[in-house]
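Listing of query-v1.pdb; format and content: PDB, C-alpha atoms and all ligand atoms.
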```
MODEL        1
ATOM      1  CA  MET A 834     -46.806  36.767 -29.682
ATOM      2  CA  ILE A 835     -44.159  34.747 -31.502
ATOM      3  CA  GLU A 836     -41.343  36.907 -32.784
ATOM      4  CA  THR A 837     -38.375  35.830 -34.825
ATOM      5  CA  ARG A 838     -35.705  38.291 -35.840
ATOM      6  CA  ALA A 839     -33.186  37.459 -38.589
ATOM      7  CA  LEU A 840     -33.593  33.824 -37.631
ATOM      8  CA  ALA A 841     -31.349  31.402 -39.494
ATOM      9  CA  TYR A 842     -30.935  27.683 -38.929
ATOM     10  CA  ARG A 843     -28.155  25.434 -40.150
ATOM     11  CA  ALA A 844     -27.942  21.641 -39.738
ATOM     12  CA  GLY A 845     -24.340  20.522 -40.187
ATOM     13  CA  GLN A 846     -23.155  22.185 -43.398
ATOM     14  CA  THR A 847     -26.682  22.781 -44.728
ATOM     15  CA  ASP A 848     -28.339  26.188 -44.465
ATOM     16  CA  ILE A 849     -32.037  25.506 -43.955
ATOM     17  CA  LEU A 850     -33.673  28.750 -42.774
ATOM     18  CA  HIS A 851     -32.545  32.214 -43.805
ATOM     19  CA  GLY A 852     -33.241  35.625 -42.264
ATOM     20  CA  ILE A 853     -36.744  34.955 -40.972
ATOM     21  CA  ASP A 854     -38.472  38.015 -39.506
ATOM     22  CA  LEU A 855     -41.899  36.928 -38.432
ATOM     23  CA  THR A 856     -44.461  38.216 -35.946
ATOM     24  CA  ILE A 857     -47.408  35.976 -35.134
ATOM     25  CA  PRO A 858     -49.947  37.618 -32.827
ATOM     26  CA  ARG A 859     -51.704  35.685 -30.086
ATOM     27  CA  GLY A 860     -55.040  34.093 -30.783
ATOM     28  CA  GLY A 861     -56.577  32.395 -33.752
ATOM     29  CA  ILE A 862     -55.090  29.986 -36.252
ATOM     30  CA  THR A 863     -51.966  30.716 -38.253
ATOM     31  CA  ALA A 864     -51.360  28.264 -41.101
ATOM     32  CA  LEU A 865     -47.882  27.560 -42.432
ATOM     33  CA  ILE A 866     -48.005  26.493 -46.057
ATOM     34  CA  GLY A 867     -45.338  25.855 -48.672
ATOM     35  CA  PRO A 868     -43.865  23.092 -50.808
ATOM     36  CA  ASN A 869     -42.045  20.049 -49.455
ATOM     37  CA  GLY A 870     -38.684  21.042 -48.041
ATOM     38  CA  ALA A 871     -39.644  24.747 -47.688
ATOM     39  CA  GLY A 872     -38.599  24.740 -44.012
ATOM     40  CA  LYS A 873     -41.984  24.642 -42.246
ATOM     41  CA  SER A 874     -41.051  21.884 -39.771
ATOM     42  CA  SER A 875     -37.627  23.421 -39.212
ATOM     43  CA  LEU A 876     -39.265  26.730 -38.305
ATOM     44  CA  LEU A 877     -41.676  25.065 -35.858
ATOM     45  CA  HIS A 878     -38.733  23.248 -34.280
ATOM     46  CA  CYS A 879     -36.767  26.505 -33.900
ATOM     47  CA  VAL A 880     -39.755  28.254 -32.331
ATOM     48  CA  SER A 881     -40.551  25.425 -29.931
ATOM     49  CA  GLY A 882     -37.033  25.097 -28.547
ATOM     50  CA  LEU A 883     -35.970  21.917 -30.372
ATOM     51  CA  ASN A 884     -33.537  23.389 -32.906
ATOM     52  CA  GLN A 885     -31.438  26.278 -31.711
ATOM     53  CA  PRO A 886     -31.142  28.923 -34.434
ATOM     54  CA  SER A 887     -27.625  29.428 -35.736
ATOM     55  CA  GLU A 888     -28.300  33.169 -35.988
ATOM     56  CA  GLY A 889     -30.964  35.608 -34.880
ATOM     57  CA  SER A 890     -33.551  35.217 -32.166
ATOM     58  CA  VAL A 891     -36.929  33.788 -31.331
ATOM     59  CA  THR A 892     -39.276  34.581 -28.467
ATOM     60  CA  ILE A 893     -42.713  33.294 -27.522
ATOM     61  CA  ASP A 894     -44.693  35.701 -25.353
ATOM     62  CA  GLY A 895     -41.329  37.229 -24.519
ATOM     63  CA  LEU A 896     -39.778  33.898 -23.473
ATOM     64  CA  ASP A 897     -36.533  32.821 -25.125
ATOM     65  CA  PRO A 898     -37.098  29.057 -25.489
ATOM     66  CA  TYR A 899     -33.351  28.401 -25.394
ATOM     67  CA  ALA A 900     -32.726  30.406 -22.199
ATOM     68  CA  ALA A 901     -35.874  29.189 -20.410
ATOM     69  CA  SER A 902     -35.993  26.052 -18.268
ATOM     70  CA  SER A 903     -37.610  23.027 -19.902
ATOM     71  CA  ARG A 904     -40.493  23.444 -17.458
ATOM     72  CA  GLU A 905     -41.134  27.076 -18.400
ATOM     73  CA  ARG A 906     -40.906  26.168 -22.076
ATOM     74  CA  ALA A 907     -43.287  23.243 -21.697
ATOM     75  CA  ARG A 908     -45.820  25.508 -20.014
ATOM     76  CA  THR A 909     -45.690  27.968 -22.882
ATOM     77  CA  VAL A 910     -45.624  25.866 -26.022
ATOM     78  CA  ALA A 911     -46.764  22.375 -27.032
ATOM     79  CA  LEU A 912     -45.416  20.864 -30.243
ATOM     80  CA  LEU A 913     -46.998  18.022 -32.160
ATOM     81  CA  GLN A 914     -44.284  16.737 -34.469
ATOM     82  CA  GLN A 915     -44.980  15.367 -37.921
ATOM     83  CA  SER A 916     -46.061  11.695 -37.921
ATOM     84  CA  PRO A 917     -45.340  10.796 -34.298
ATOM     85  CA  THR A 918     -44.524   7.097 -34.167
ATOM     86  CA  VAL A 919     -44.766   5.979 -30.565
ATOM     87  CA  VAL A 920     -46.736   2.800 -31.078
ATOM     88  CA  SER A 921     -47.039   0.652 -28.040
ATOM     89  CA  ARG A 922     -49.294  -0.904 -25.478
ATOM     90  CA  LEU A 923     -49.714   2.534 -23.934
ATOM     91  CA  LYS A 924     -53.377   3.359 -23.523
ATOM     92  CA  VAL A 925     -54.868   6.454 -25.141
ATOM     93  CA  ALA A 926     -55.708   7.983 -21.744
ATOM     94  CA  GLU A 927     -52.111   7.387 -20.605
ATOM     95  CA  LEU A 928     -50.688   9.035 -23.710
ATOM     96  CA  VAL A 929     -52.967  12.050 -23.333
ATOM     97  CA  GLY A 930     -52.053  12.149 -19.621
ATOM     98  CA  PHE A 931     -48.382  12.547 -20.600
ATOM     99  CA  GLY A 932     -49.316  16.009 -21.807
ATOM    100  CA  ARG A 933     -49.662  16.915 -18.131
ATOM    101  CA  TRP A 934     -46.123  15.779 -17.249
ATOM    102  CA  PRO A 935     -44.529  19.273 -17.247
ATOM    103  CA  HIS A 936     -47.132  20.308 -14.656
ATOM    104  CA  HIS A 937     -46.951  17.380 -12.249
ATOM    105  CA  ARG A 938     -43.573  15.702 -12.917
ATOM    106  CA  GLY A 939     -44.859  12.253 -12.070
ATOM    107  CA  ARG A 940     -47.410  13.111  -9.368
ATOM    108  CA  PRO A 941     -50.699  13.874 -11.115
ATOM    109  CA  THR A 942     -53.212  15.848  -9.102
ATOM    110  CA  THR A 943     -56.995  15.861  -9.467
ATOM    111  CA  GLU A 944     -56.610  18.918 -11.699
ATOM    112  CA  ASP A 945     -54.213  17.003 -13.976
ATOM    113  CA  ASN A 946     -56.641  14.095 -14.232
ATOM    114  CA  ASP A 947     -59.513  16.503 -14.948
ATOM    115  CA  LYS A 948     -57.520  18.175 -17.723
ATOM    116  CA  THR A 949     -56.663  14.783 -19.230
ATOM    117  CA  ARG A 950     -60.340  13.865 -19.229
ATOM    118  CA  ALA A 951     -61.246  17.222 -20.772
ATOM    119  CA  ALA A 952     -58.686  16.677 -23.539
ATOM    120  CA  LEU A 953     -60.087  13.200 -24.279
ATOM    121  CA  ALA A 954     -63.557  14.728 -24.516
ATOM    122  CA  ALA A 955     -62.414  17.708 -26.618
ATOM    123  CA  PHE A 956     -61.069  15.339 -29.273
ATOM    124  CA  ALA A 957     -63.896  12.784 -29.087
ATOM    125  CA  LEU A 958     -61.622  10.097 -27.635
ATOM    126  CA  ASP A 959     -63.773   8.993 -24.675
ATOM    127  CA  ASP A 960     -64.673   5.714 -26.316
ATOM    128  CA  LEU A 961     -61.040   4.975 -27.149
ATOM    129  CA  ALA A 962     -59.560   6.008 -23.780
ATOM    130  CA  ASP A 963     -58.789   2.439 -22.659
ATOM    131  CA  ARG A 964     -57.548   1.156 -26.011
ATOM    132  CA  SER A 965     -53.821   0.683 -26.534
ATOM    133  CA  LEU A 966     -52.172   2.800 -29.229
ATOM    134  CA  GLU A 967     -51.159  -0.247 -31.233
ATOM    135  CA  THR A 968     -54.825  -1.159 -31.764
ATOM    136  CA  LEU A 969     -55.803   2.245 -33.217
ATOM    137  CA  SER A 970     -56.068   3.297 -36.837
ATOM    138  CA  GLY A 971     -53.566   5.888 -38.054
ATOM    139  CA  GLY A 972     -56.172   8.655 -37.879
ATOM    140  CA  GLN A 973     -57.313   7.712 -34.363
ATOM    141  CA  ARG A 974     -53.707   7.649 -33.183
ATOM    142  CA  GLN A 975     -53.123  11.058 -34.741
ATOM    143  CA  ARG A 976     -56.090  12.440 -32.783
ATOM    144  CA  ALA A 977     -54.702  10.991 -29.562
ATOM    145  CA  PHE A 978     -51.381  12.792 -30.108
ATOM    146  CA  ILE A 979     -53.180  16.076 -30.775
ATOM    147  CA  ALA A 980     -55.160  15.591 -27.552
ATOM    148  CA  MET A 981     -51.868  15.046 -25.692
ATOM    149  CA  ALA A 982     -50.570  18.383 -27.009
ATOM    150  CA  TYR A 983     -53.861  20.009 -25.975
ATOM    151  CA  ALA A 984     -53.700  18.497 -22.472
ATOM    152  CA  GLN A 985     -50.363  20.235 -21.956
ATOM    153  CA  ASP A 986     -52.570  23.326 -21.558
ATOM    154  CA  THR A 987     -50.186  25.827 -23.097
ATOM    155  CA  PRO A 988     -51.143  29.178 -24.613
ATOM    156  CA  TRP A 989     -49.384  28.089 -27.838
ATOM    157  CA  MET A 990     -49.970  24.876 -29.800
ATOM    158  CA  LEU A 991     -47.707  24.167 -32.771
ATOM    159  CA  LEU A 992     -49.052  21.349 -34.937
ATOM    160  CA  ASP A 993     -47.039  19.862 -37.797
ATOM    161  CA  GLU A 994     -49.361  18.391 -40.426
ATOM    162  CA  PRO A 995     -52.055  17.198 -38.004
ATOM    163  CA  LEU A 996     -54.407  16.363 -40.886
ATOM    164  CA  ASN A 997     -52.073  13.535 -41.959
ATOM    165  CA  ALA A 998     -53.977  10.263 -41.972
ATOM    166  CA  LEU A 999     -57.353  11.914 -41.364
ATOM    167  CA  ASP A1000     -60.271  11.230 -43.709
ATOM    168  CA  PRO A1001     -62.239  14.267 -44.977
ATOM    169  CA  ARG A1002     -64.793  14.117 -42.164
ATOM    170  CA  HIS A1003     -62.226  13.830 -39.396
ATOM    171  CA  ALA A1004     -60.017  16.464 -41.033
ATOM    172  CA  ARG A1005     -62.959  18.847 -41.099
ATOM    173  CA  ASP A1006     -63.939  17.956 -37.524
ATOM    174  CA  LEU A1007     -60.399  18.564 -36.320
ATOM    175  CA  MET A1008     -60.140  21.954 -38.038
ATOM    176  CA  ALA A1009     -63.547  22.949 -36.612
ATOM    177  CA  ARG A1010     -62.432  21.877 -33.108
ATOM    178  CA  LEU A1011     -59.133  23.754 -33.371
ATOM    179  CA  HIS A1012     -60.994  26.787 -34.651
ATOM    180  CA  GLY A1013     -63.310  26.657 -31.620
ATOM    181  CA  LEU A1014     -60.359  26.249 -29.250
ATOM    182  CA  SER A1015     -58.618  29.263 -30.760
ATOM    183  CA  ARG A1016     -61.495  31.683 -30.117
ATOM    184  CA  GLY A1017     -62.249  33.914 -27.156
ATOM    185  CA  GLU A1018     -60.191  35.392 -24.331
ATOM    186  CA  GLN A1019     -58.806  32.035 -23.197
ATOM    187  CA  GLY A1020     -58.431  30.736 -26.741
ATOM    188  CA  ARG A1021     -55.278  28.859 -27.677
ATOM    189  CA  SER A1022     -52.939  30.364 -30.236
ATOM    190  CA  ILE A1023     -52.491  27.702 -32.888
ATOM    191  CA  VAL A1024     -49.781  27.495 -35.545
ATOM    192  CA  ILE A1025     -50.445  24.649 -37.922
ATOM    193  CA  VAL A1026     -48.581  23.248 -40.926
ATOM    194  CA  LEU A1027     -51.090  22.395 -43.639
ATOM    195  CA  HIS A1028     -50.649  20.888 -47.090
ATOM    196  CA  ASP A1029     -54.361  21.245 -47.785
ATOM    197  CA  ILE A1030     -54.550  24.862 -48.908
ATOM    198  CA  ASN A1031     -58.342  24.783 -48.710
ATOM    199  CA  ALA A1032     -58.174  23.805 -45.054
ATOM    200  CA  ALA A1033     -56.041  26.920 -44.576
ATOM    201  CA  ALA A1034     -58.469  28.971 -46.688
ATOM    202  CA  GLY A1035     -61.455  27.723 -44.693
ATOM    203  CA  TRP A1036     -60.138  27.930 -41.152
ATOM    204  CA  ALA A1037     -56.968  29.979 -40.773
ATOM    205  CA  ASP A1038     -57.008  33.609 -39.698
ATOM    206  CA  ARG A1039     -53.656  34.243 -41.328
ATOM    207  CA  ILE A1040     -51.253  32.344 -43.525
ATOM    208  CA  VAL A1041     -47.477  32.259 -43.639
ATOM    209  CA  ALA A1042     -46.223  30.945 -46.985
ATOM    210  CA  MET A1043     -42.679  29.567 -46.983
ATOM    211  CA  LYS A1044     -40.350  28.715 -49.828
ATOM    212  CA  ASP A1045     -36.662  27.775 -49.908
ATOM    213  CA  GLY A1046     -36.158  28.368 -46.187
ATOM    214  CA  ARG A1047     -37.634  31.879 -46.255
ATOM    215  CA  VAL A1048     -40.972  33.481 -45.487
ATOM    216  CA  PHE A1049     -42.365  34.314 -48.902
ATOM    217  CA  ALA A1050     -45.547  36.038 -47.754
ATOM    218  CA  HIS A1051     -47.473  36.548 -44.524
ATOM    219  CA  GLU A1052     -50.981  37.915 -44.682
ATOM    220  CA  GLU A1053     -54.540  37.639 -43.590
ATOM    221  CA  SER A1054     -55.706  34.430 -45.316
ATOM    222  CA  ALA A1055     -57.892  35.761 -48.122
ATOM    223  CA  ALA A1056     -55.284  38.344 -49.099
ATOM    224  CA  LEU A1057     -52.531  35.748 -49.478
ATOM    225  CA  LEU A1058     -54.488  33.229 -51.504
ATOM    226  CA  THR A1059     -54.142  34.719 -54.950
ATOM    227  CA  PRO A1060     -53.223  32.728 -58.082
ATOM    228  CA  GLU A1061     -50.041  34.814 -58.455
ATOM    229  CA  THR A1062     -48.744  34.210 -54.921
ATOM    230  CA  LEU A1063     -49.648  30.515 -54.957
ATOM    231  CA  ARG A1064     -47.983  29.982 -58.321
ATOM    232  CA  GLU A1065     -44.783  31.584 -57.073
ATOM    233  CA  VAL A1066     -44.799  29.648 -53.804
ATOM    234  CA  PHE A1067     -45.580  26.229 -55.296
ATOM    235  CA  ASP A1068     -44.227  26.670 -58.850
ATOM    236  CA  THR A1069     -47.502  25.420 -60.251
ATOM    237  CA  PRO A1070     -50.625  27.178 -61.564
ATOM    238  CA  PHE A1071     -53.730  27.612 -59.404
ATOM    239  CA  GLN A1072     -57.189  28.991 -59.882
ATOM    240  CA  VAL A1073     -58.821  30.762 -56.942
ATOM    241  CA  LEU A1074     -62.634  30.677 -56.883
ATOM    242  CA  ARG A1075     -64.975  32.191 -54.291
ATOM    243  CA  HIS A1076     -67.548  30.221 -52.354
ATOM    244  CA  GLU A1077     -69.663  31.758 -49.573
ATOM    245  CA  GLY A1078     -67.229  34.629 -49.332
ATOM    246  CA  ARG A1079     -64.144  32.436 -48.963
ATOM    247  CA  PRO A1080     -61.440  31.514 -51.443
ATOM    248  CA  VAL A1081     -61.415  27.985 -52.838
ATOM    249  CA  VAL A1082     -58.119  26.967 -54.384
ATOM    250  CA  VAL A1083     -57.934  24.602 -57.349
ATOM    251  CA  ALA A1084     -54.620  23.324 -58.685
ATOM    252  CA  ARG A1085     -54.817  23.535 -62.471
TER     253      ARG A1085
HETATM  254  N1  LIG B   1     -30.768  17.541 -40.149
HETATM  255  C1  LIG B   1     -30.799  17.935 -41.429
HETATM  256  N2  LIG B   1     -29.701  17.878 -42.200
HETATM  257  C2  LIG B   1     -29.703  18.307 -43.491
HETATM  258  N3  LIG B   1     -30.800  18.804 -44.080
HETATM  259  C3  LIG B   1     -31.924  18.893 -43.360
HETATM  260  C4  LIG B   1     -31.991  18.469 -42.005
HETATM  261  N4  LIG B   1     -33.240  18.683 -41.548
HETATM  262  C5  LIG B   1     -33.945  19.206 -42.586
HETATM  263  N5  LIG B   1     -33.159  19.314 -43.672
HETATM  264  C6  LIG B   1     -33.532  19.871 -44.978
HETATM  265  O1  LIG B   1     -34.079  21.166 -44.759
HETATM  266  C7  LIG B   1     -35.110  21.426 -45.700
HETATM  267  C8  LIG B   1     -36.376  21.847 -44.946
HETATM  268  O2  LIG B   1     -36.924  20.711 -44.286
HETATM  269  P1  LIG B   1     -38.292  20.786 -43.466
HETATM  270  O3  LIG B   1     -38.585  19.437 -42.942
HETATM  271  O4  LIG B   1     -38.210  21.917 -42.508
HETATM  272  O5  LIG B   1     -39.310  21.185 -44.652
HETATM  273  P2  LIG B   1     -40.903  21.156 -44.673
HETATM  274  O6  LIG B   1     -41.320  22.435 -45.313
HETATM  275  O7  LIG B   1     -41.441  20.869 -43.330
HETATM  276  O8  LIG B   1     -41.155  19.945 -45.668
HETATM  277  P3  LIG B   1     -42.365  18.862 -45.815
HETATM  278  O9  LIG B   1     -43.539  19.618 -46.341
HETATM  279  O10 LIG B   1     -41.814  17.924 -46.849
HETATM  280  O11 LIG B   1     -42.584  18.219 -44.475
HETATM  281  C9  LIG B   1     -35.280  20.155 -46.529
HETATM  282  O12 LIG B   1     -34.588  20.317 -47.757
HETATM  283  C10 LIG B   1     -34.628  19.083 -45.665
HETATM  284  O13 LIG B   1     -34.069  18.050 -46.468
ENDMDL
END
```

Would you write out, as structure tokens, the structure that this file holds?
Ligand SMILES: Nc1ncnc2c1ncn2[C@@H]1O[C@H](COP(=O)(O)OP(=O)(O)OP(=O)(O)O)[C@@H](O)[C@H]1O
Amino acid sequence: MIETRALAYRAGQTDILHGIDLTIPRGGITALIGPNGAGKSSLLHCVSGLNQPSEGSVTIDGLDPYAASSRERARTVALLQQSPTVVSRLKVAELVGFGRWPHHRGRPTTEDNDKTRAALAAFALDDLADRSLETLSGGQRQRAFIAMAYAQDTPWMLLDEPLNALDPRHARDLMARLHGLSRGEQGRSIVIVLHDINAAAGWADRIVAMKDGRVFAHEESAALLTPETLREVFDTPFQVLRHEGRPVVVAR
């Protein structure tokens, strides 16, 4: 479980997050939605141990990411930051293998190599494994970074806008894969920032809507996606239709 209590975050003189009390249970997909600048990335950074809150607390499965060692933290939570930009001659398999670093610290075992291979397969990267990052398309590179986060083999995966640069088919494939990975006893707990509200409607188990550095609403997905809530969160009108029992959101 991720728990934040009265969490606030300030960068320099700017107050960015205010009084966030949030409980995210283990398992399934939790989507973070909200307008640009709402504080979604800042919240993921606070939870993952990158940005120490200025007030309040955060724990992941009881672990305080700021008191824990970097090794403990890296075995609990993997963060894919927005638009990662490491472009180099590094091969895809090497990048994905870096996800294993917190486990082997430079001496990969057979298990580490197996997990790297499994991550390449899980994200359909086998054919690209020997290609260097600089030769990939933006969407292929994005998939490689997600596979690296997966290879870290943590109970929690925090993904900041992973659908960036993905065409509709690959976006759908990725959401379907993440959905599969989040199911069952050993399923990963996935927190994902999405701008595509219909991706959240179609795949997320619950949605956290943020606005102005606060949590505006936090509900089971269908309950949150009402025209009234969406209008207040995004300051723009929406229509919510139903298709095969799920909400479909149309900006009007
Ligand atoms: N280091 C910083 N110094 C000052 N302001 C910052 C800093 N980092 C973030 N901000 C501001 O905090 C607010 C929240 O930013 P954040 O990136 O968390 O929003 P977001 O919801 O992820 O936005 P987007 O959807 O555009 O990615 C923004 O107004 C941003 O300009």

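Reported to one decimal place, the separation of atom CA of A:Gly932 from atom CA of A:Thr987 is 9.9 Å.
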
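Of the residues under consideration (A:Leu966, A:Arg940, A:Leu855, A:Arg908), A:Leu966 shows the shortest atom-to-atom contact distance to A:Arg922 when counting only C-alpha atoms.
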
Item to check | Result set of the PyMOL selection byres (((not hetatm)) within 10 of (chain B and resi 1)) on the coordinates above, as number ranges by chain | outcome: A: 842-850, 865-879, 884, 915-916, 993-994, 1026-1028, 1042-1046

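Taking atom CA of A:Arg1047 and atom CA of A:Asp1029 as endpoints, the distance between them is 19.9 Å.
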
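The closest residue to A:Val1082, picked from A:Leu840, A:Leu1014, A:Ala1034, A:Ala998 and counting only C-alpha atoms, is A:Ala1034.
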
Let me know the centre plus edge lengths, in Å and rounded to one decimal, of a box with edges along x, y and z that contains all listed atoms of stretch 989-1002 of chain A and is padded by 3 Å on every side, as AutoDock Vina command-line options.
```
--center_x -55.9 --center_y 19.2 --center_z -36.4 --size_x 23.8 --size_y 23.8 --size_z 23.1
```

Next on the checklist: Since I can't run it myself right now, could you work out what the PyMOL selection byres (((chain A and resi 839) around 9) and not hetatm) selects here and report it as a PyMOL selection string?
Outcome noted: chain A and resi 837-838+840-841+851-855+888-891

Preceding selection exported with C-alpha atoms as a PDB file, in the frame of the given file:
```pdb
ATOM      1  CA  THR A 837     -38.375  35.830 -34.825  1.00  0.00           C
ATOM      2  CA  ARG A 838     -35.705  38.291 -35.840  1.00  0.00           C
ATOM      3  CA  LEU A 840     -33.593  33.824 -37.631  1.00  0.00           C
ATOM      4  CA  ALA A 841     -31.349  31.402 -39.494  1.00  0.00           C
ATOM      5  CA  HIS A 851     -32.545  32.214 -43.805  1.00  0.00           C
ATOM      6  CA  GLY A 852     -33.241  35.625 -42.264  1.00  0.00           C
ATOM      7  CA  ILE A 853     -36.744  34.955 -40.972  1.00  0.00           C
ATOM      8  CA  ASP A 854     -38.472  38.015 -39.506  1.00  0.00           C
ATOM      9  CA  LEU A 855     -41.899  36.928 -38.432  1.00  0.00           C
ATOM     10  CA  GLU A 888     -28.300  33.169 -35.988  1.00  0.00           C
ATOM     11  CA  GLY A 889     -30.964  35.608 -34.880  1.00  0.00           C
ATOM     12  CA  SER A 890     -33.551  35.217 -32.166  1.00  0.00           C
ATOM     13  CA  VAL A 891     -36.929  33.788 -31.331  1.00  0.00           C
TER      14      VAL A 891
END
```

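The two atoms in question, atom CA of A:Arg974 and atom CA of A:Ser1015, are spaced 22.3 Å apart.
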
Checklist entry - What residues come out when you apply the PyMOL selection byres (((chain A and resi 1084) around 8) and not hetatm) to this file, written as an NGL selection string? => result :A and (1069-1072 or 1082-1083 or 1085)

Counting all atoms listed in the file, what is within 12 Å of A:Asp897, bar same-chain residues fewer than 2 positions away, as a short mmCIF file (atom, residue, chain, number, x, y, z; two decimals) with C-alpha atoms, keeping the file's coordinate frame?
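Saved the output as result.cif:
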```cif
data_model
loop_
_atom_site.label_atom_id
_atom_site.label_comp_id
_atom_site.auth_asym_id
_atom_site.auth_seq_id
_atom_site.Cartn_x
_atom_site.Cartn_y
_atom_site.Cartn_z
CA MET A 834 -46.81 36.77 -29.68
CA ILE A 835 -44.16 34.75 -31.50
CA GLU A 836 -41.34 36.91 -32.78
CA THR A 837 -38.38 35.83 -34.83
CA CYS A 879 -36.77 26.50 -33.90
CA VAL A 880 -39.76 28.25 -32.33
CA SER A 881 -40.55 25.42 -29.93
CA GLY A 882 -37.03 25.10 -28.55
CA GLN A 885 -31.44 26.28 -31.71
CA PRO A 886 -31.14 28.92 -34.43
CA GLY A 889 -30.96 35.61 -34.88
CA SER A 890 -33.55 35.22 -32.17
CA VAL A 891 -36.93 33.79 -31.33
CA THR A 892 -39.28 34.58 -28.47
CA ILE A 893 -42.71 33.29 -27.52
CA ASP A 894 -44.69 35.70 -25.35
CA GLY A 895 -41.33 37.23 -24.52
CA TYR A 899 -33.35 28.40 -25.39
CA ALA A 900 -32.73 30.41 -22.20
CA ALA A 901 -35.87 29.19 -20.41
CA SER A 902 -35.99 26.05 -18.27
CA SER A 903 -37.61 23.03 -19.90
CA GLU A 905 -41.13 27.08 -18.40
CA ARG A 906 -40.91 26.17 -22.08
CA THR A 909 -45.69 27.97 -22.88
CA VAL A 910 -45.62 25.87 -26.02
#
```

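The residue set within 9 Å of A:Ala977, counting only C-alpha atoms and dropping same-chain residues fewer than 6 places from it, reads Val925, Ala926, Leu928, Val929, Leu953, Phe956, Leu958 and Leu966 of chain A.
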
Any chance you could export the current selection's C-alpha atoms as a CSV table (one decimal), in the frame of the given file?
```csv
chain,number,residue,atom,x,y,z
A,925,VAL,CA,-54.9,6.5,-25.1
A,926,ALA,CA,-55.7,8.0,-21.7
A,928,LEU,CA,-50.7,9.0,-23.7
A,929,VAL,CA,-53.0,12.0,-23.3
A,953,LEU,CA,-60.1,13.2,-24.3
A,956,PHE,CA,-61.1,15.3,-29.3
A,958,LEU,CA,-61.6,10.1,-27.6
A,966,LEU,CA,-52.2,2.8,-29.2
```

Next on the checklist: List as a ChimeraX atom specification the protein and nucleic acid residues near A:Asp945, meaning an atom at most 9 Å away when all atoms listed in the file are counted, but skip any in the same chain fewer than 5 places from it.
Outcome noted: /A:930,933-934,936-937,950,984

For the selection you just gave me, I'd like the residues written to a file as an mmCIF file, keeping the file's coordinate frame, keeping C-alpha atoms.
```
data_model
loop_
_atom_site.group_PDB
_atom_site.id
_atom_site.type_symbol
_atom_site.label_atom_id
_atom_site.label_comp_id
_atom_site.auth_asym_id
_atom_site.auth_seq_id
_atom_site.Cartn_x
_atom_site.Cartn_y
_atom_site.Cartn_z
ATOM 1 C CA GLY A 930 -52.053 12.149 -19.621
ATOM 2 C CA ARG A 933 -49.662 16.915 -18.131
ATOM 3 C CA TRP A 934 -46.123 15.779 -17.249
ATOM 4 C CA HIS A 936 -47.132 20.308 -14.656
ATOM 5 C CA HIS A 937 -46.951 17.380 -12.249
ATOM 6 C CA ARG A 950 -60.340 13.865 -19.229
ATOM 7 C CA ALA A 984 -53.700 18.497 -22.472
#
```

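Among the candidate residues A:Phe1067, A:Phe978, A:Phe1049, A:Phe931, the one lying nearest to A:Leu996 is A:Phe978, with distances computed using all atoms listed in the file.
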
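If you measure from each of A:Arg1064, A:Lys948, A:Arg1021, A:Arg938 to A:Gly861 using all atoms listed in the file, the closest one turns out to be A:Arg1021.
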
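Nearest-residue note for A:Gln1019: choosing from A:Asp963, A:Asp1000, A:Asp986, A:Glu1065, the minimum distance belongs to A:Asp986, counting all atoms listed in the file.
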
Next on the checklist: Taking all atoms listed in the file into account, name the residue in A:Val1073, A:Pro1001, A:Ala980, A:Ile862 that is nearest to A:Glu1061.
Outcome noted: A:Val1073
